[in-house]
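Report on the following structure.
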Protein chains: 2
Amino acid sequence: MSSQVLSTQETSDESGLPDTAWVRFLRAHAALTRELSSRLEALHELTLSDFDVLVQLYYAEGRRMRRIDLARSVLLTASGITRLLDGLESAGLVGKERCESDARVTYAVLTKAGVKKIEEARDSHLADIEELFGARFSPQEREQLAELLGRLPLAHTSEACST
Amino acid sequence: MSSQVLSTQETSDESGLPDTAWVRFLRAHAALTRELSSRLEALHELTLSDFDVLVQLYYAEGRRMRRIDLARSVLLTASGITRLLDGLESAGLVGKERCESDARVTYAVLTKAGVKKIEEARDSHLADIEELFGARFSPQEREQLAELLGRLPLAHTSEACST
DNA sequence: GAGCTATACTTGAGGTCGCAATCAATATAG
DNA sequence: CTATATTGATTGCGACCTCAAGTATAGCTC
């Protein structure tokens with residue numbers, strides 16, 4: 001019983017313990033985010049998510065975005081963004097702006113301090129990413145890795161694609 | 001100034017927004033773990049970490065491990081393991097066992113219910129992983145992905161490798 | 001065996017995040 | 001125009017996890 005789609009090509013050692021691409025993916029994520037986060041926090045008092053959000057804003061038109069779009073682009077929930085921005089606001093890195101055409105939406109805007117912050121943090125953080133992640137691969141491998149990872153689903157798959 | 005090791009080959013679109021392998025890695029992890037976790041929780045009342053730990057025990061000799069080794073193998077901290085096992089213990093899936101030769105260590109042992117639980121959960125979870133992750137790749141690609149991910153560091157790199 | 005260090009584990013406090021519920025404003029229908 | 005559904009945002013609550021500190025045991029050196 002229990003149909004076999006699997007075949008999960010377990011690169012097992014003696015014991016049969018699974019060490020698949022997925023498990024490596026999980027472990028690598030845990031280890032890398034732990035180390036990167038700790039460095040980023042020590043040097044700049046930012047979490048990885050903070051940095052992510054600041055970068056999104058930095059490259060957005062007018063350095064501002066609707067909070068909901070921000071949430072989608074960094075894959076946080078709406079409530080996650082609310083609380084994350086609360087922190088960045090009280091740190092003076094982003095501000096709020098009302099939308100004139102739609103009173104429901106609020107924009108998050110990068111402040112001067114926010115721009116300064118990210119320009120300060122960027123170099124060291126990119127260097128850390130390079131050291132712990134990028135440097136492990138040749139340019140070709142990097143591209144291929146990006147391509148492979150790009151195939152993975154970024155949203156819920158239960159989207160009722162009937163009709 | 002600020003030497004340029006970077007070159008981070010940003011596959012940018014119009015705006016210059018970075019969409020590197022690293023960012024895809026982060027996003028894919030967020031999306032996949034969210035979906036997998038929600039399925040696993042709905043069907044079996046287990047978190048991804050719970051499942052991870054149960055699998056480690058399942059394949060361990062005597063279905064038992066020192067808590068500290070468990071922690072290292074799933075990349076949690078010692079305190080993380082303590083609390084996670086608290087949950088699994090009160091659910092009756094694992095038990096504690098004292099070590100006779102060293103009174104400091106406690107073993108975590110899979111109970112009968114624990115074995116049953118993981119055997120129940122395994123098929124659906126592996127199928128979910130296959131659907132959301134594995135099925136995106138050919139066997140060759142899978143292997144290559146595993147190889148690439150296997151190059152990433154799993155522990156702290158600041159290990160003072162002088163001398 | 002006294003002192004020192006290292007290891008295994010636990011606990012308190014705090015941070016991040018998701019889900020569900022809620023409210024306000026907008027869009028759509030009849 | 002009114003009723004209903006949808007969307008953006010916030011908040012209460014709880015889950016999970018880490019760090020720092022504390023306890024207990026083990027090993028090592030003199």
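Residue numbers start at 1 in each chain; chains themselves are named A, B, ... in the order of the structure tokens; ligands are numbered from 1 in the order shown.
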Strand (DSSP E or B) per DSSP on the backbone: members of range 13-158 of chain A, as a PDB file with N, CA and C atoms, in the first residue's frame:
ATOM      1  N   ARG A  64       9.716  54.157  -2.061  1.00  0.00           N
ATOM      2  CA  ARG A  64       8.541  53.885  -1.249  1.00  0.00           C
ATOM      3  C   ARG A  64       7.705  52.785  -1.884  1.00  0.00           C
ATOM      4  N   MET A  65       7.024  52.053  -1.060  1.00  0.00           N
ATOM      5  CA  MET A  65       6.176  50.954  -1.527  1.00  0.00           C
ATOM      6  C   MET A  65       4.957  50.831  -0.622  1.00  0.00           C
ATOM      7  N   ARG A  66       3.901  50.288  -1.196  1.00  0.00           N
ATOM      8  CA  ARG A  66       2.755  49.918  -0.382  1.00  0.00           C
ATOM      9  C   ARG A  66       3.190  48.772   0.526  1.00  0.00           C
ATOM     10  N   VAL A  94      12.496  54.202   8.306  1.00  0.00           N
ATOM     11  CA  VAL A  94      11.420  54.356   7.322  1.00  0.00           C
ATOM     12  C   VAL A  94      10.307  55.200   7.942  1.00  0.00           C
ATOM     13  N   GLY A  95       9.479  55.767   7.082  1.00  0.00           N
ATOM     14  CA  GLY A  95       8.343  56.549   7.551  1.00  0.00           C
ATOM     15  C   GLY A  95       7.073  56.075   6.866  1.00  0.00           C
ATOM     16  N   LYS A  96       5.946  56.591   7.321  1.00  0.00           N
ATOM     17  CA  LYS A  96       4.665  56.259   6.731  1.00  0.00           C
ATOM     18  C   LYS A  96       4.192  57.404   5.840  1.00  0.00           C
ATOM     19  N   GLU A  97       3.424  57.056   4.816  1.00  0.00           N
ATOM     20  CA  GLU A  97       2.797  58.084   3.993  1.00  0.00           C
ATOM     21  C   GLU A  97       1.432  57.590   3.576  1.00  0.00           C
ATOM     22  N   ARG A  98       0.444  58.453   3.673  1.00  0.00           N
ATOM     23  CA  ARG A  98      -0.908  58.062   3.284  1.00  0.00           C
ATOM     24  C   ARG A  98      -1.018  58.093   1.758  1.00  0.00           C
ATOM     25  N   THR A 106      -1.181  52.423   2.975  1.00  0.00           N
ATOM     26  CA  THR A 106      -0.138  53.260   3.543  1.00  0.00           C
ATOM     27  C   THR A 106       1.158  52.904   2.830  1.00  0.00           C
ATOM     28  N   TYR A 107       1.939  53.913   2.559  1.00  0.00           N
ATOM     29  CA  TYR A 107       3.241  53.639   1.969  1.00  0.00           C
ATOM     30  C   TYR A 107       4.302  53.593   3.050  1.00  0.00           C
ATOM     31  N   ALA A 108       5.278  52.738   2.825  1.00  0.00           N
ATOM     32  CA  ALA A 108       6.487  52.777   3.635  1.00  0.00           C
ATOM     33  C   ALA A 108       7.536  53.511   2.812  1.00  0.00           C
ATOM     34  N   VAL A 109       8.142  54.519   3.393  1.00  0.00           N
ATOM     35  CA  VAL A 109       9.119  55.337   2.684  1.00  0.00           C
ATOM     36  C   VAL A 109      10.446  55.296   3.408  1.00  0.00           C
ATOM     37  N   LEU A 110      11.498  55.121   2.652  1.00  0.00           N
ATOM     38  CA  LEU A 110      12.837  55.140   3.230  1.00  0.00           C
ATOM     39  C   LEU A 110      13.181  56.573   3.632  1.00  0.00           C
TER      40      LEU A 110
END
Item to check | chain A contacts on chain C, only C-alpha atoms (C1' of nucleotides), 12 Å, as a VMD selection string | outcome: chain C and resid 15 to 20 23 to 27
Those same residues - C-alpha atoms (C1' of nucleotides) - I'd like them written as a PDB file, in the first residue's frame.
ATOM      1  C1'  DG C  15      12.480  38.337  19.501  1.00  0.00           C
ATOM      2  C1'  DT C  16      10.324  37.057  15.203  1.00  0.00           C
ATOM      3  C1'  DC C  17       6.682  35.417  12.829  1.00  0.00           C
ATOM      4  C1'  DG C  18       2.057  33.322  11.347  1.00  0.00           C
ATOM      5  C1'  DC C  19      -2.951  32.772  11.956  1.00  0.00           C
ATOM      6  C1'  DA C  20      -7.386  34.438  12.995  1.00  0.00           C
ATOM      7  C1'  DC C  23     -11.785  47.435  11.299  1.00  0.00           C
ATOM      8  C1'  DA C  24     -11.925  50.733   7.553  1.00  0.00           C
ATOM      9  C1'  DA C  25     -12.150  51.835   2.814  1.00  0.00           C
ATOM     10  C1'  DT C  26     -13.083  50.416  -1.843  1.00  0.00           C
ATOM     11  C1'  DA C  27     -15.173  47.749  -5.631  1.00  0.00           C
TER      12       DA C  27
END
Reference chain A, mobile chain B, all Cα atoms fitted, written as a compact mmCIF listing (two decimals) with C-alpha atoms, in the first residue's frame:
# COMPACT_ATOMS: atom_id res chain seq x y z
CA MET B 1 -0.68 0.45 -1.04
CA SER B 2 0.37 4.07 -0.80
CA SER B 3 1.62 4.60 -4.33
CA GLN B 4 5.30 5.07 -4.79
CA VAL B 5 6.14 8.29 -6.57
CA LEU B 6 9.13 8.56 -4.32
CA SER B 7 12.43 6.94 -5.17
CA THR B 8 13.83 9.88 -3.32
CA GLN B 9 17.37 8.89 -4.28
CA GLU B 10 18.63 9.00 -0.72
CA THR B 11 22.38 9.38 -0.74
CA SER B 12 22.26 7.44 2.48
CA ASP B 13 25.28 6.35 4.40
CA GLU B 14 25.24 3.18 6.46
CA SER B 15 22.06 3.78 8.39
CA GLY B 16 19.57 4.79 5.73
CA LEU B 17 19.39 8.31 7.07
CA PRO B 18 18.16 10.60 4.33
CA ASP B 19 20.59 13.19 3.03
CA THR B 20 18.75 14.51 0.03
CA ALA B 21 18.91 17.81 -1.75
CA TRP B 22 15.98 18.92 0.36
CA VAL B 23 17.65 18.13 3.66
CA ARG B 24 20.80 19.88 2.54
CA PHE B 25 18.68 22.82 1.54
CA LEU B 26 17.15 22.98 4.99
CA ARG B 27 20.45 22.61 6.81
CA ALA B 28 22.26 25.11 4.65
CA HIS B 29 19.52 27.62 5.22
CA ALA B 30 19.65 27.19 8.97
CA ALA B 31 23.41 27.52 9.12
CA LEU B 32 23.73 30.39 6.67
CA THR B 33 20.96 32.53 8.04
CA ARG B 34 22.19 32.02 11.57
CA GLU B 35 25.68 33.18 10.71
CA LEU B 36 24.68 35.99 8.36
CA SER B 37 22.06 37.25 10.75
CA SER B 38 24.44 37.31 13.66
CA ARG B 39 27.04 39.26 11.67
CA LEU B 40 24.50 41.71 10.34
CA GLU B 41 23.07 42.26 13.77
CA ALA B 42 26.44 42.73 15.40
CA LEU B 43 27.66 45.25 12.84
CA HIS B 44 24.51 47.11 11.91
CA GLU B 45 21.72 46.15 14.28
CA LEU B 46 19.62 44.78 11.46
CA THR B 47 17.97 41.40 11.00
CA LEU B 48 18.04 39.66 7.65
CA SER B 49 14.41 40.62 7.12
CA ASP B 50 15.14 44.24 7.98
CA PHE B 51 17.86 44.29 5.39
CA ASP B 52 15.62 42.61 2.84
CA VAL B 53 12.92 45.18 3.33
CA LEU B 54 15.31 48.11 3.23
CA VAL B 55 16.77 46.83 -0.03
CA GLN B 56 13.34 46.51 -1.57
CA LEU B 57 12.59 50.10 -0.65
CA TYR B 58 15.98 51.28 -1.78
CA TYR B 59 15.39 50.07 -5.30
CA ALA B 60 11.72 51.00 -5.46
CA GLU B 61 10.45 54.03 -7.34
CA GLY B 62 10.64 57.01 -5.04
CA ARG B 63 12.04 54.68 -2.40
CA ARG B 64 8.56 53.92 -1.26
CA MET B 65 6.18 51.00 -1.51
CA ARG B 66 2.75 49.98 -0.35
CA ARG B 67 3.12 47.85 2.73
CA ILE B 68 1.24 45.00 1.16
CA ASP B 69 3.52 44.89 -1.87
CA LEU B 70 6.49 44.97 0.42
CA ALA B 71 5.09 42.01 2.30
CA ARG B 72 4.59 40.02 -0.88
CA SER B 73 8.02 40.76 -2.24
CA VAL B 74 9.84 39.52 0.84
CA LEU B 75 7.34 36.74 1.55
CA LEU B 76 6.12 37.94 4.89
CA THR B 77 2.51 38.20 5.98
CA ALA B 78 0.81 41.56 6.26
CA SER B 79 1.07 41.46 10.02
CA GLY B 80 4.72 40.51 9.81
CA ILE B 81 5.37 43.64 7.76
CA THR B 82 3.45 45.83 10.14
CA ARG B 83 5.57 44.78 13.05
CA LEU B 84 8.82 44.80 11.15
CA LEU B 85 8.14 48.32 9.92
CA ASP B 86 7.21 49.36 13.46
CA GLY B 87 10.77 48.56 14.37
CA LEU B 88 12.31 50.33 11.40
CA GLU B 89 10.09 53.35 12.03
CA SER B 90 11.07 53.73 15.64
CA ALA B 91 14.67 53.42 14.50
CA GLY B 92 13.97 56.29 12.12
CA LEU B 93 14.87 54.33 9.00
CA VAL B 94 11.48 54.42 7.31
CA GLY B 95 8.42 56.62 7.54
CA LYS B 96 4.73 56.37 6.74
CA GLU B 97 2.88 58.19 4.01
CA ARG B 98 -0.83 58.21 3.31
CA CYS B 99 -2.11 57.44 -0.14
CA GLU B 100 -4.35 60.15 -1.54
CA SER B 101 -6.30 58.06 -3.97
CA ASP B 102 -6.93 55.18 -1.59
CA ALA B 103 -7.24 55.81 2.11
CA ARG B 104 -6.69 52.14 2.92
CA VAL B 105 -3.10 52.04 1.84
CA THR B 106 -0.08 53.39 3.59
CA TYR B 107 3.28 53.73 1.99
CA ALA B 108 6.53 52.85 3.65
CA VAL B 109 9.18 55.39 2.67
CA LEU B 110 12.89 55.17 3.20
CA THR B 111 14.15 58.13 5.22
CA LYS B 112 17.53 59.75 4.74
CA ALA B 113 18.78 57.78 7.70
CA GLY B 114 17.40 54.66 6.07
CA VAL B 115 19.29 55.30 2.85
CA LYS B 116 22.44 55.93 4.82
CA LYS B 117 21.92 52.81 6.88
CA ILE B 118 21.56 50.49 3.94
CA GLU B 119 24.47 52.01 2.09
CA GLU B 120 26.56 51.41 5.18
CA ALA B 121 25.35 47.88 5.70
CA ARG B 122 25.38 46.78 2.10
CA ASP B 123 29.05 46.24 1.52
CA SER B 124 29.74 44.15 4.56
CA HIS B 125 26.61 42.10 4.14
CA LEU B 126 27.24 41.39 0.48
CA ALA B 127 30.78 40.45 1.36
CA ASP B 128 29.47 38.05 4.00
CA ILE B 129 27.07 36.50 1.52
CA GLU B 130 29.90 36.20 -0.95
CA GLU B 131 32.15 34.54 1.60
CA LEU B 132 29.64 32.05 2.95
CA PHE B 133 27.59 31.43 -0.17
CA GLY B 134 28.80 32.81 -3.45
CA ALA B 135 32.46 31.92 -3.14
CA ARG B 136 31.52 28.24 -3.07
CA PHE B 137 30.56 28.35 -6.72
CA SER B 138 32.01 29.26 -10.07
CA PRO B 139 30.14 31.88 -12.08
CA GLN B 140 28.55 29.15 -14.16
CA GLU B 141 27.54 27.18 -11.12
CA ARG B 142 26.08 30.28 -9.57
CA GLU B 143 23.97 30.87 -12.58
CA GLN B 144 22.81 27.31 -12.69
CA LEU B 145 22.01 27.32 -9.01
CA ALA B 146 19.97 30.46 -9.48
CA GLU B 147 18.16 28.85 -12.37
CA LEU B 148 17.37 25.70 -10.40
CA LEU B 149 16.21 27.62 -7.36
CA GLY B 150 14.12 29.84 -9.59
CA ARG B 151 11.97 26.87 -10.50
CA LEU B 152 10.71 26.46 -6.98
CA PRO B 153 7.23 27.71 -6.17
CA LEU B 154 7.03 31.00 -4.35
CA ALA B 155 3.40 30.91 -3.37
CA HIS B 156 0.64 28.50 -2.46
CA THR B 157 0.10 25.79 -5.00
CA SER B 158 -3.43 24.96 -3.92
CA GLU B 159 -4.75 27.72 -6.12
CA ALA B 160 -7.57 25.65 -7.57
CA CYS B 161 -6.29 25.55 -11.13
CA SER B 162 -9.42 23.79 -12.38
CA THR B 163 -11.17 25.13 -15.49
Give me the chain D side of the contact with chain A, cut-off 8 Å, one line per residue showing its nearest atom pair and distance in Å at one decimal, counting only C-alpha atoms (C1' of nucleotides), sorted by chain and residue number, as JSON lines.
{"residue": "D:DG8", "atom": "C1'", "partner": "A:Arg104", "partner_atom": "CA", "distance": 5.3}
{"residue": "D:DA9", "atom": "C1'", "partner": "A:Arg104", "partner_atom": "CA", "distance": 7.4}
{"residue": "D:DT10", "atom": "C1'", "partner": "A:Ser79", "partner_atom": "CA", "distance": 7.3}
Expected file: the selected residues, N, CA and C atoms (P, O5', C5', C4', C3', O3' and C1' of nucleotides), as an mmCIF file, in the first residue's frame:
data_model
loop_
_atom_site.group_PDB
_atom_site.id
_atom_site.type_symbol
_atom_site.label_atom_id
_atom_site.label_comp_id
_atom_site.auth_asym_id
_atom_site.auth_seq_id
_atom_site.Cartn_x
_atom_site.Cartn_y
_atom_site.Cartn_z
ATOM 1 P P DG D 8 -4.700 44.882 -1.592
ATOM 2 O "O5'" DG D 8 -4.572 45.753 -0.269
ATOM 3 C "C5'" DG D 8 -4.688 47.166 -0.369
ATOM 4 C "C4'" DG D 8 -4.528 47.787 1.002
ATOM 5 C "C3'" DG D 8 -3.222 47.428 1.713
ATOM 6 O "O3'" DG D 8 -2.638 48.643 2.186
ATOM 7 C "C1'" DG D 8 -5.084 46.919 3.103
ATOM 8 P P DA D 9 -1.264 48.619 2.939
ATOM 9 O "O5'" DA D 9 -1.705 48.415 4.444
ATOM 10 C "C5'" DA D 9 -2.403 49.464 5.096
ATOM 11 C "C4'" DA D 9 -2.825 49.025 6.466
ATOM 12 C "C3'" DA D 9 -1.697 48.534 7.384
ATOM 13 O "O3'" DA D 9 -1.480 49.516 8.378
ATOM 14 C "C1'" DA D 9 -3.692 47.216 7.555
ATOM 15 P P DT D 10 -0.368 49.332 9.460
ATOM 16 O "O5'" DT D 10 -1.183 48.720 10.690
ATOM 17 C "C5'" DT D 10 -2.374 49.373 11.119
ATOM 18 C "C4'" DT D 10 -3.059 48.558 12.198
ATOM 19 C "C3'" DT D 10 -2.152 48.107 13.349
ATOM 20 O "O3'" DT D 10 -2.732 48.559 14.559
ATOM 21 C "C1'" DT D 10 -3.465 46.302 12.557
#
Item to check | Backbone-only DSSP, helix (DSSP H, G or I) members of range 71-101 of chain A, as an MDAnalysis selection string | outcome: chainID A and resid 71:74 78:90
Checklist entry - Can you tell me how far C1' of DC4 in chain C sits from C1' of DT29 in chain D, in Å to one decimal? => result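 Between C1' of DC4 in chain C and C1' of DT29 in chain D the gap works out to 8.7 Å.
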Checklist entry - Quick one, how far is C1' of DT2 in chain D from C1' of DA21 in chain C? => result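 That distance, rounded to one decimal, is 25.9 Å.
Computed from the coordinates, the C1' of DA8 in chain C to C1' of DA20 in chain D distance equals 16.3 Å.
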Item to check | Shell around DT5 in chain C at 12 Å using only C-alpha atoms (C1' of nucleotides), local window under 4 positions removed, as a list of chain:residue names | outcome: D:DA26, D:DG27, D:DC28, D:DT29
